[in-house]
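**Q** The following block contains the structure, expressed as structure tokens.
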Amino acid sequence: MSTRTTGYVWNERYAWHDTGRGVGIAPAGGFNQPYQTFESAESKSRLAALVEVSGMIDQLTRLPVHEASDEQLLRVHTAEHVESIRVQSAGRGGDGGDGFTPFGPGSFEIAKLAAGGTIAAAAAVWRGDVDNAYALVRPPGHHARREMGMGYCLFSNVCVAIEELRAVHGVERVAIIDYDVHHGNGAQQIFWDDPNVLAISLHQDRLFPQDTGGLDEVGGPGAEGANINIPLPAGSGNGAYLAAIESVAGPALRAFKPQIIMVSSGFDPGAVDPLGCMSVTSGGFKAMAQAILAIADEVCEGKVVFSHEGGYSPVHVPFCGLAVLEALTGHETGVEDPFGMSFDDSPAHPLKPWQDEVIQLAAGIGARLGL
Ligand SMILES: [Zn+2]
């Protein structure tokens, strides 16, 4: 029996965003035999499929989705960036701006639908239509900067939703927890000088982008402490991720007192992800979601909105996503993660001293800066 009402966003058009025939992360050509781009529809479509087949869908409240408007996008992004995506999308497609963000015809509308999905989830939670929500959107958003797309991301779904909450719904203080394996550089840039948005990113140290995500990046003048990076060493497992939530995010959120928490939910810290070198299991993601919910219950009446980001294992991501939905709804589907037998008892999971060192440094920065 569900103990919470959980909103859910998915639209088949998210799967139609075409990232083409790359070689994982690079364009095809020369000695790079065409394969597919790691960011493909598969991991997301298969999660949506498992949500249906497992019966989880019957525990969720489907939320209607509309494309984000220009006005909504332009609160975060430059007019030049929005126009660039619009023009390329109306032709044969193109790139978001960094050479690693390919997209096909029509992706402008799909990206607006992704931002609109996160907006719909955030608004539903804020209004109290549902207790919490999961927006299974694509393309992802957390690398997108104000002036350019980056790392498979065209528009910052989470930041656009936050600005909608503030502009239309009267929300003042929002926190972001980003557990995608890559640094949440987009929110860091977008809210660098903003003391009313606390951005916390757990990520693999110097994975991507390689020049951001350090412990010393704490926010601009007047906003020091509102940006907390936790650059975990490669190889971190469930223990390190949970410790980072408990020891860094928990105290910071209790001090900051957000009115709502946005979670950038990437499953690329997963144990079989082709882009990350971490060891988190579906059980680890579920425990993190439960820990975040418990903190949200304390500080903001449980108002949490998960917005899907990365995660590139088409076979593992569905079980990780379902586990998070089990945490959000309180409903157990009984679906067994087939990867559990390989990874649940891994020696990667207990917290290691070199992981705890980073976590304590991040906790110390938050505490020193009043968080
Ligand atoms: Zn990622």
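Ligands are numbered from 1 in the order shown, chains are lettered A, B, ... in the order of the structure tokens, and residues start at 1 in each chain.
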Could I get the residues of chain A with an atom no further than 12 Å from an atom of ligand 1, each paired with its nearest atom pair and that distance in Å to one decimal, using only C-alpha atoms and all ligand atoms, sorted by chain and residue number, as a tab-separated table?

**A**
residue	atom	partner	partner_atom_place_in_ligand_line	distance
A:Ile25	CA	ligand 1	1 (Zn)	11.9
A:Phe38	CA	ligand 1	1 (Zn)	10.7
A:Glu39	CA	ligand 1	1 (Zn)	9.5
A:Pro139	CA	ligand 1	1 (Zn)	11.7
A:Pro140	CA	ligand 1	1 (Zn)	8.8
A:Gly141	CA	ligand 1	1 (Zn)	9.7
A:His142	CA	ligand 1	1 (Zn)	8.2
A:His143	CA	ligand 1	1 (Zn)	8.5
A:Ala144	CA	ligand 1	1 (Zn)	11.9
A:Met150	CA	ligand 1	1 (Zn)	11.2
A:Gly151	CA	ligand 1	1 (Zn)	8.1
A:Tyr152	CA	ligand 1	1 (Zn)	9.0
A:Cys153	CA	ligand 1	1 (Zn)	9.9
A:Asp178	CA	ligand 1	1 (Zn)	9.7
A:Tyr179	CA	ligand 1	1 (Zn)	8.7
A:Asp180	CA	ligand 1	1 (Zn)	4.9
A:Val181	CA	ligand 1	1 (Zn)	5.0
A:His182	CA	ligand 1	1 (Zn)	4.4
A:His183	CA	ligand 1	1 (Zn)	7.5
A:Gly184	CA	ligand 1	1 (Zn)	8.5
A:Asn185	CA	ligand 1	1 (Zn)	10.8
A:Gly186	CA	ligand 1	1 (Zn)	12.0
A:Ser201	CA	ligand 1	1 (Zn)	11.3
A:Leu202	CA	ligand 1	1 (Zn)	10.8
A:His203	CA	ligand 1	1 (Zn)	8.6
A:Gln204	CA	ligand 1	1 (Zn)	9.6
A:Leu207	CA	ligand 1	1 (Zn)	9.3
A:Phe208	CA	ligand 1	1 (Zn)	8.0
A:Pro209	CA	ligand 1	1 (Zn)	10.0
A:Ser264	CA	ligand 1	1 (Zn)	9.6
A:Ser265	CA	ligand 1	1 (Zn)	9.1
A:Gly266	CA	ligand 1	1 (Zn)	5.9
A:Phe267	CA	ligand 1	1 (Zn)	7.5
A:Asp268	CA	ligand 1	1 (Zn)	5.6
A:Pro269	CA	ligand 1	1 (Zn)	8.0
A:Gly270	CA	ligand 1	1 (Zn)	10.5
A:Asp273	CA	ligand 1	1 (Zn)	9.8
A:Pro274	CA	ligand 1	1 (Zn)	10.5
A:Leu275	CA	ligand 1	1 (Zn)	7.7
A:Gly276	CA	ligand 1	1 (Zn)	7.8
A:Cys277	CA	ligand 1	1 (Zn)	11.3
A:Met278	CA	ligand 1	1 (Zn)	11.6
A:His308	CA	ligand 1	1 (Zn)	10.1
A:Glu309	CA	ligand 1	1 (Zn)	6.6
A:Gly310	CA	ligand 1	1 (Zn)	4.2
A:Gly311	CA	ligand 1	1 (Zn)	6.2
A:Tyr312	CA	ligand 1	1 (Zn)	8.3
A:Ser313	CA	ligand 1	1 (Zn)	11.5

**Q** Write a file of the just-selected residues containing N, CA and C atoms, as a compact mmCIF listing (two decimals), in the first residue's frame.

**A**
# COMPACT_ATOMS: atom_id res chain seq x y z
N ILE A 25 31.03 8.42 -26.84
CA ILE A 25 31.08 9.84 -26.50
C ILE A 25 31.57 10.70 -27.65
N PHE A 38 26.34 7.09 -26.34
CA PHE A 38 25.97 6.50 -25.05
C PHE A 38 24.62 7.04 -24.58
N GLU A 39 24.39 8.35 -24.81
CA GLU A 39 23.09 8.91 -24.41
C GLU A 39 22.09 8.56 -25.50
N PRO A 139 15.88 15.09 -23.37
CA PRO A 139 17.28 15.02 -22.93
C PRO A 139 17.46 15.50 -21.49
N PRO A 140 18.61 15.07 -20.90
CA PRO A 140 18.91 15.50 -19.53
C PRO A 140 19.29 16.98 -19.52
N GLY A 141 19.60 17.52 -18.33
CA GLY A 141 19.79 18.96 -18.27
C GLY A 141 20.94 19.49 -17.44
N HIS A 142 21.54 18.66 -16.58
CA HIS A 142 22.36 19.28 -15.53
C HIS A 142 23.71 19.84 -15.98
N HIS A 143 24.12 19.53 -17.22
CA HIS A 143 25.37 20.15 -17.72
C HIS A 143 25.10 21.45 -18.48
N ALA A 144 23.86 21.70 -18.87
CA ALA A 144 23.57 22.88 -19.70
C ALA A 144 23.88 24.16 -18.93
N MET A 150 25.63 21.24 -23.26
CA MET A 150 26.90 20.59 -22.92
C MET A 150 26.60 19.18 -22.43
N GLY A 151 27.49 18.24 -22.74
CA GLY A 151 27.37 16.89 -22.17
C GLY A 151 26.00 16.27 -22.29
N TYR A 152 25.48 16.24 -23.53
CA TYR A 152 24.17 15.64 -23.84
C TYR A 152 22.98 16.50 -23.39
N CYS A 153 23.23 17.63 -22.75
CA CYS A 153 22.13 18.44 -22.19
C CYS A 153 21.90 19.70 -23.04
N ASP A 178 22.36 16.69 -6.51
CA ASP A 178 22.68 16.09 -7.81
C ASP A 178 23.59 14.89 -7.56
N TYR A 179 23.04 13.67 -7.73
CA TYR A 179 23.88 12.48 -7.52
C TYR A 179 24.29 11.81 -8.82
N ASP A 180 24.04 12.46 -9.95
CA ASP A 180 24.60 11.99 -11.21
C ASP A 180 26.13 11.86 -11.05
N VAL A 181 26.74 10.91 -11.74
CA VAL A 181 28.18 10.67 -11.52
C VAL A 181 29.04 11.83 -12.02
N HIS A 182 28.45 12.65 -12.88
CA HIS A 182 29.17 13.82 -13.40
C HIS A 182 28.83 15.07 -12.59
N HIS A 183 29.72 16.04 -12.62
CA HIS A 183 29.50 17.27 -11.85
C HIS A 183 28.29 18.04 -12.37
N GLY A 184 27.49 18.55 -11.45
CA GLY A 184 26.35 19.40 -11.83
C GLY A 184 26.81 20.82 -12.12
N ASN A 185 27.60 20.95 -13.17
CA ASN A 185 28.22 22.25 -13.47
C ASN A 185 27.21 23.30 -13.92
N GLY A 186 26.09 22.84 -14.49
CA GLY A 186 25.11 23.80 -14.99
C GLY A 186 24.50 24.61 -13.86
N SER A 201 26.40 18.87 -5.20
CA SER A 201 26.69 17.87 -6.23
C SER A 201 27.63 16.80 -5.70
N LEU A 202 27.17 15.55 -5.75
CA LEU A 202 28.03 14.39 -5.49
C LEU A 202 28.46 13.89 -6.87
N HIS A 203 29.74 13.74 -7.08
CA HIS A 203 30.18 13.27 -8.40
C HIS A 203 31.54 12.62 -8.31
N GLN A 204 31.88 11.90 -9.37
CA GLN A 204 33.21 11.31 -9.43
C GLN A 204 34.20 12.42 -9.74
N LEU A 207 35.66 13.81 -13.46
CA LEU A 207 35.24 12.92 -14.55
C LEU A 207 34.75 13.77 -15.71
N PHE A 208 33.71 14.56 -15.48
CA PHE A 208 33.21 15.50 -16.48
C PHE A 208 32.31 16.52 -15.81
N PRO A 209 32.47 17.80 -16.11
CA PRO A 209 33.63 18.41 -16.77
C PRO A 209 34.87 18.24 -15.90
N SER A 264 18.66 16.02 -9.00
CA SER A 264 19.14 15.62 -10.33
C SER A 264 19.52 14.16 -10.24
N SER A 265 18.64 13.32 -10.80
CA SER A 265 18.73 11.88 -10.59
C SER A 265 19.41 11.20 -11.77
N GLY A 266 20.72 11.04 -11.64
CA GLY A 266 21.47 10.31 -12.67
C GLY A 266 21.85 8.94 -12.14
N PHE A 267 21.69 7.92 -12.97
CA PHE A 267 22.03 6.57 -12.52
C PHE A 267 23.38 6.11 -13.06
N ASP A 268 24.19 7.07 -13.47
CA ASP A 268 25.53 6.70 -13.94
C ASP A 268 26.57 6.46 -12.83
N PRO A 269 26.24 6.67 -11.53
CA PRO A 269 27.12 6.08 -10.51
C PRO A 269 26.89 4.57 -10.38
N GLY A 270 26.01 4.02 -11.20
CA GLY A 270 25.68 2.60 -11.16
C GLY A 270 26.87 1.72 -11.49
N ASP A 273 27.80 1.12 -15.30
CA ASP A 273 27.65 2.24 -16.24
C ASP A 273 28.89 2.37 -17.12
N PRO A 274 28.70 2.60 -18.42
CA PRO A 274 29.87 2.72 -19.30
C PRO A 274 30.63 4.04 -19.15
N LEU A 275 30.05 5.03 -18.49
CA LEU A 275 30.73 6.33 -18.38
C LEU A 275 31.27 6.64 -16.98
N GLY A 276 30.80 5.94 -15.97
CA GLY A 276 31.26 6.21 -14.61
C GLY A 276 32.09 5.05 -14.08
N CYS A 277 32.84 5.31 -13.01
CA CYS A 277 33.66 4.26 -12.39
C CYS A 277 33.27 4.11 -10.93
N MET A 278 31.96 4.16 -10.66
CA MET A 278 31.46 3.99 -9.30
C MET A 278 30.74 2.64 -9.20
N HIS A 308 15.14 13.26 -14.01
CA HIS A 308 16.09 12.28 -14.54
C HIS A 308 17.24 12.97 -15.27
N GLU A 309 18.45 12.48 -15.06
CA GLU A 309 19.63 13.02 -15.76
C GLU A 309 20.30 11.90 -16.55
N GLY A 310 21.54 11.54 -16.19
CA GLY A 310 22.26 10.52 -16.95
C GLY A 310 21.96 9.11 -16.47
N GLY A 311 22.83 8.19 -16.92
CA GLY A 311 22.65 6.77 -16.61
C GLY A 311 22.59 6.02 -17.92
N TYR A 312 23.65 5.30 -18.26
CA TYR A 312 23.84 4.84 -19.63
C TYR A 312 23.90 3.34 -19.80
N SER A 313 23.55 2.61 -18.73
CA SER A 313 23.43 1.17 -18.88
C SER A 313 21.96 0.83 -19.14

**Q** Could you write out, as a PyMOL selection string, all the residues of segment 229-308 of chain A that DSSP marks as alpha helix (DSSP H)?

**A** chain A and resi 238-244+250-256+282-300

**Q** Those selected residues, please, written with C-alpha atoms and delivered as a CSV table (one decimal), in the first residue's frame.

**A**
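File written: part19.csv
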chain,number,residue,atom,x,y,z
A,238,ASN,CA,26.8,2.7,-1.6
A,239,GLY,CA,28.6,3.5,1.7
A,240,ALA,CA,30.3,6.7,0.4
A,241,TYR,CA,27.2,7.9,-1.3
A,242,LEU,CA,25.0,7.4,1.7
A,243,ALA,CA,27.7,9.0,4.0
A,244,ALA,CA,27.8,12.1,1.7
A,250,GLY,CA,21.7,16.5,5.7
A,251,PRO,CA,23.3,19.2,7.9
A,252,ALA,CA,23.4,21.7,5.0
A,253,LEU,CA,19.8,21.2,4.2
A,254,ARG,CA,18.7,21.5,7.8
A,255,ALA,CA,20.6,24.8,8.1
A,256,PHE,CA,19.5,26.2,4.7
A,282,SER,CA,19.8,-0.3,-7.1
A,283,GLY,CA,19.6,-0.8,-3.4
A,284,GLY,CA,22.1,2.1,-2.9
A,285,PHE,CA,20.0,4.4,-5.0
A,286,LYS,CA,16.9,3.4,-3.1
A,287,ALA,CA,18.6,4.1,0.3
A,288,MET,CA,19.8,7.5,-1.0
A,289,ALA,CA,16.2,8.4,-2.1
A,290,GLN,CA,14.9,7.3,1.3
A,291,ALA,CA,17.6,9.4,3.1
A,292,ILE,CA,16.7,12.4,1.0
A,293,LEU,CA,13.0,11.9,1.7
A,294,ALA,CA,13.7,11.7,5.4
A,295,ILE,CA,15.6,15.0,5.3
A,296,ALA,CA,12.8,16.5,3.2
A,297,ASP,CA,10.2,15.4,5.8
A,298,GLU,CA,12.2,17.3,8.4
A,299,VAL,CA,12.8,20.5,6.4
A,300,CYS,CA,10.2,21.0,3.7

**Q** Tell me, as a list of chain:residue names, which residues lie within 8 Å of segment 348-363 of chain A, counting only C-alpha atoms; anything in the same chain fewer than 6 positions away does not count.

**A** A:Leu215, A:Ile228, A:Asn229, A:Ile230, A:Pro231, A:Leu232, A:Pro233, A:Gly235, A:Ser236, A:Gly237, A:Asn238, A:Gly239, A:Ala240, A:Ala243, A:Ala244, A:Ser247, A:Val248, A:Ser279, A:Val280

**Q** Atoms to include: C-alpha atoms. Write the selected residues as a compact mmCIF listing (two decimals), in the first residue's frame.

**A**
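Output (part_10.txt):
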# COMPACT_ATOMS: atom_id res chain seq x y z
CA LEU A 215 35.77 21.43 -3.05
CA ILE A 228 28.80 22.43 -2.23
CA ASN A 229 30.80 19.96 -4.28
CA ILE A 230 31.57 16.44 -3.06
CA PRO A 231 34.13 15.06 -5.53
CA LEU A 232 34.18 11.39 -4.58
CA PRO A 233 37.10 9.19 -5.63
CA GLY A 235 35.37 3.35 -7.04
CA SER A 236 32.99 4.76 -4.43
CA GLY A 237 30.02 2.55 -3.58
CA ASN A 238 26.81 2.70 -1.56
CA GLY A 239 28.60 3.54 1.70
CA ALA A 240 30.30 6.66 0.37
CA ALA A 243 27.65 9.04 3.97
CA ALA A 244 27.77 12.05 1.65
CA SER A 247 27.11 13.97 6.61
CA VAL A 248 27.09 16.77 4.02
CA SER A 279 29.71 0.96 -7.78
CA VAL A 280 26.27 2.08 -6.64

**Q** Each residue of segment 22-110 of chain A with at least one atom at most 9 Å from segment 133-136 of chain A should appear once, together with its nearest atom pair and the corresponding distance in Å (one decimal); atoms considered: only C-alpha atoms; ordering: chain, then increasing residue number; output as CSV.

**A**
residue,atom,partner,partner_atom,distance
A:Lys44,CA,A:Leu136,CA,7.3
A:Leu47,CA,A:Leu136,CA,8.7
A:Ala48,CA,A:Leu136,CA,7.9
A:Leu60,CA,A:Ala133,CA,8.8
A:Thr61,CA,A:Ala133,CA,8.7

**Q** Output the selection as an mmCIF file, in the first residue's frame - C-alpha atoms for each residue.

**A**
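Contents of selection.cif, as written:
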data_model
loop_
_atom_site.group_PDB
_atom_site.id
_atom_site.type_symbol
_atom_site.label_atom_id
_atom_site.label_comp_id
_atom_site.auth_asym_id
_atom_site.auth_seq_id
_atom_site.Cartn_x
_atom_site.Cartn_y
_atom_site.Cartn_z
ATOM 1 C CA LYS A 44 15.008 5.726 -20.301
ATOM 2 C CA LEU A 47 12.802 2.227 -17.288
ATOM 3 C CA ALA A 48 9.428 3.508 -18.504
ATOM 4 C CA LEU A 60 1.754 6.760 -9.628
ATOM 5 C CA THR A 61 -0.160 9.854 -10.638
#

**Q** Distance table requested - segment 37-97 of chain A against segment 123-128 of chain A, cut-off 12 Å, only C-alpha atoms: one row per qualifying residue with the closest atom pair and its distance in Å to one decimal, ordered by chain and rising residue number, as JSON lines.

**A**
{"residue": "A:Thr61", "atom": "CA", "partner": "A:Ala124", "partner_atom": "CA", "distance": 10.2}
{"residue": "A:Arg62", "atom": "CA", "partner": "A:Ala124", "partner_atom": "CA", "distance": 10.7}
{"residue": "A:Leu63", "atom": "CA", "partner": "A:Ala124", "partner_atom": "CA", "distance": 8.0}
{"residue": "A:Pro64", "atom": "CA", "partner": "A:Ala124", "partner_atom": "CA", "distance": 10.0}
{"residue": "A:Val65", "atom": "CA", "partner": "A:Ala124", "partner_atom": "CA", "distance": 11.1}

**Q** Sorted by chain and rising residue number, which residues of segment 91-206 of chain A lie within 12 Å of segment 8-14 of chain A, and what are their closest atom pairs and distances in Å to one decimal, counting only C-alpha atoms, as a Markdown table?

**A**
| residue | atom | partner | partner_atom | distance |
| --- | --- | --- | --- | --- |
| A:Gly106 | CA | A:Arg13 | CA | 9.9 |
| A:Ser107 | CA | A:Tyr14 | CA | 9.0 |
| A:Phe108 | CA | A:Tyr14 | CA | 11.2 |
| A:Glu109 | CA | A:Arg13 | CA | 9.3 |
| A:Ile110 | CA | A:Tyr14 | CA | 6.1 |
| A:Ala111 | CA | A:Tyr14 | CA | 8.0 |
| A:Lys112 | CA | A:Tyr14 | CA | 10.2 |
| A:Leu113 | CA | A:Tyr14 | CA | 7.8 |
| A:Ala114 | CA | A:Tyr14 | CA | 7.2 |
| A:Ala115 | CA | A:Tyr14 | CA | 11.0 |
| A:Gly116 | CA | A:Val9 | CA | 9.8 |
| A:Gly117 | CA | A:Val9 | CA | 6.1 |
| A:Thr118 | CA | A:Val9 | CA | 7.9 |
| A:Ile119 | CA | A:Val9 | CA | 10.2 |
| A:Ala120 | CA | A:Val9 | CA | 8.1 |
| A:Ala121 | CA | A:Val9 | CA | 7.1 |
| A:Ala122 | CA | A:Val9 | CA | 10.7 |
| A:Ala124 | CA | A:Tyr8 | CA | 10.0 |
| A:Val125 | CA | A:Tyr8 | CA | 10.7 |
| A:Asp129 | CA | A:Tyr8 | CA | 11.8 |
| A:Val130 | CA | A:Tyr8 | CA | 9.6 |
| A:Asp131 | CA | A:Tyr8 | CA | 11.2 |
| A:Asn132 | CA | A:Tyr8 | CA | 9.0 |
| A:Ala133 | CA | A:Tyr8 | CA | 5.7 |
| A:Tyr134 | CA | A:Tyr8 | CA | 5.0 |
| A:Ala135 | CA | A:Val9 | CA | 4.5 |
| A:Leu136 | CA | A:Trp10 | CA | 5.3 |
| A:Val137 | CA | A:Trp10 | CA | 6.3 |
| A:Arg138 | CA | A:Tyr14 | CA | 5.1 |
| A:Pro139 | CA | A:Tyr14 | CA | 7.0 |
| A:Pro140 | CA | A:Tyr14 | CA | 10.0 |

**Q** Include C-alpha atoms and write out the residues we just selected as a PDB file, in the first residue's frame.

**A**
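Done, and the output landed in result20.pdb:
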ATOM      1  CA  GLY A 106      12.737  18.176 -33.740  1.00  0.00           C
ATOM      2  CA  SER A 107      14.882  18.001 -30.624  1.00  0.00           C
ATOM      3  CA  PHE A 108      14.113  21.642 -29.789  1.00  0.00           C
ATOM      4  CA  GLU A 109      10.494  20.726 -29.111  1.00  0.00           C
ATOM      5  CA  ILE A 110      11.486  17.557 -27.245  1.00  0.00           C
ATOM      6  CA  ALA A 111      13.941  19.481 -25.064  1.00  0.00           C
ATOM      7  CA  LYS A 112      11.191  22.005 -24.306  1.00  0.00           C
ATOM      8  CA  LEU A 113       8.958  19.051 -23.377  1.00  0.00           C
ATOM      9  CA  ALA A 114      11.698  17.783 -21.038  1.00  0.00           C
ATOM     10  CA  ALA A 115      11.952  21.145 -19.275  1.00  0.00           C
ATOM     11  CA  GLY A 116       8.153  21.258 -19.236  1.00  0.00           C
ATOM     12  CA  GLY A 117       8.089  17.810 -17.607  1.00  0.00           C
ATOM     13  CA  THR A 118      10.271  18.930 -14.733  1.00  0.00           C
ATOM     14  CA  ILE A 119       8.197  22.118 -14.421  1.00  0.00           C
ATOM     15  CA  ALA A 120       4.984  20.039 -14.243  1.00  0.00           C
ATOM     16  CA  ALA A 121       6.461  17.790 -11.550  1.00  0.00           C
ATOM     17  CA  ALA A 122       7.756  20.709  -9.495  1.00  0.00           C
ATOM     18  CA  ALA A 124       2.427  19.552  -8.758  1.00  0.00           C
ATOM     19  CA  VAL A 125       4.562  18.926  -5.687  1.00  0.00           C
ATOM     20  CA  ASP A 129      -1.341  17.777  -5.796  1.00  0.00           C
ATOM     21  CA  VAL A 130       1.150  15.011  -4.998  1.00  0.00           C
ATOM     22  CA  ASP A 131       3.627  14.518  -2.138  1.00  0.00           C
ATOM     23  CA  ASN A 132       6.672  14.024  -4.358  1.00  0.00           C
ATOM     24  CA  ALA A 133       7.381  13.323  -8.036  1.00  0.00           C
ATOM     25  CA  TYR A 134       9.691  11.675 -10.539  1.00  0.00           C
ATOM     26  CA  ALA A 135      10.104  13.338 -13.929  1.00  0.00           C
ATOM     27  CA  LEU A 136      11.537  10.755 -16.318  1.00  0.00           C
ATOM     28  CA  VAL A 137      12.616  13.314 -18.896  1.00  0.00           C
ATOM     29  CA  ARG A 138      15.040  13.341 -21.815  1.00  0.00           C
ATOM     30  CA  PRO A 139      17.276  15.018 -22.925  1.00  0.00           C
ATOM     31  CA  PRO A 140      18.914  15.502 -19.535  1.00  0.00           C
TER      32      PRO A 140
END

**Q** Using only C-alpha atoms, find the one residue out of A:Asp194, A:Glu217, A:Gly321, A:Gly330 that sits nearest to Ser43 of chain A.

**A**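 Nearest candidate to Ser43 of chain A out of A:Asp194, A:Glu217, A:Gly321, A:Gly330: A:Gly321.
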
**Q** Of the candidates A:Asp193, A:Asp337, A:Glu163, A:Asp70, which shows the shortest atom-to-atom distance to Pro221 of chain A, using only C-alpha atoms?

**A** A:Asp193

**Q** Give me the residues near segment 86-93 of chain A as a list in words, where near means some atom within 10 Å (using only C-alpha atoms) and where sequence neighbours in that chain fewer than 3 positions away do not count.

**A**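 Listing them by chain and then by number gives Asp18, Thr19, Gly20, Glu80, His81, Val82, Glu83, Gly96, Pro102, Phe103, Gly104, Pro105, Gly106, Ser107, Phe108, Glu109 and Ile110 of chain A.
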
**Q** Write the residues of the preceding selection, restricted to C-alpha atoms, as a short mmCIF file (atom, residue, chain, number, x, y, z; two decimals), in the first residue's frame.

**A**
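Below you can see out_4.cif, which holds the result:
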data_model
loop_
_atom_site.label_atom_id
_atom_site.label_comp_id
_atom_site.auth_asym_id
_atom_site.auth_seq_id
_atom_site.Cartn_x
_atom_site.Cartn_y
_atom_site.Cartn_z
CA ASP A 18 17.89 11.43 -31.79
CA THR A 19 21.54 11.54 -30.70
CA GLY A 20 22.75 9.69 -33.78
CA GLU A 80 21.23 33.19 -28.51
CA HIS A 81 21.40 29.67 -27.07
CA VAL A 82 17.65 29.06 -27.36
CA GLU A 83 17.66 30.38 -30.92
CA GLY A 96 24.16 21.79 -28.29
CA PRO A 102 24.37 15.89 -30.84
CA PHE A 103 20.69 16.14 -31.68
CA GLY A 104 18.43 15.52 -34.62
CA PRO A 105 15.48 17.29 -36.21
CA GLY A 106 12.74 18.18 -33.74
CA SER A 107 14.88 18.00 -30.62
CA PHE A 108 14.11 21.64 -29.79
CA GLU A 109 10.49 20.73 -29.11
CA ILE A 110 11.49 17.56 -27.24
#

**Q** Atom CA of Pro27 of chain A to atom CA of Thr212 of chain A: how many Å, to one decimal?

**A**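 If I compute the distance from atom CA of Pro27 of chain A to atom CA of Thr212 of chain A, I get 23.6 Å.
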
**Q** Hey, can you check how far atom CA of Glu332 of chain A sits from atom CA of Leu50 of chain A?

**A**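 These atoms are spaced 13.5 Å apart.
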
**Q** I'd like to know which of A:Asn196, A:Gln210, A:Thr6, A:Gln36 is closest to Ile260 of chain A, using only C-alpha atoms.

**A** A:Asn196

**Q** I'd like the neighbourhood of Val263 of chain A as a VMD selection string, where a residue qualifies if any of its atoms comes within 7 Å (using only C-alpha atoms), though same-chain residues fewer than 4 positions away should be ignored.

**A** chain A and resid 176 to 178 305 to 307
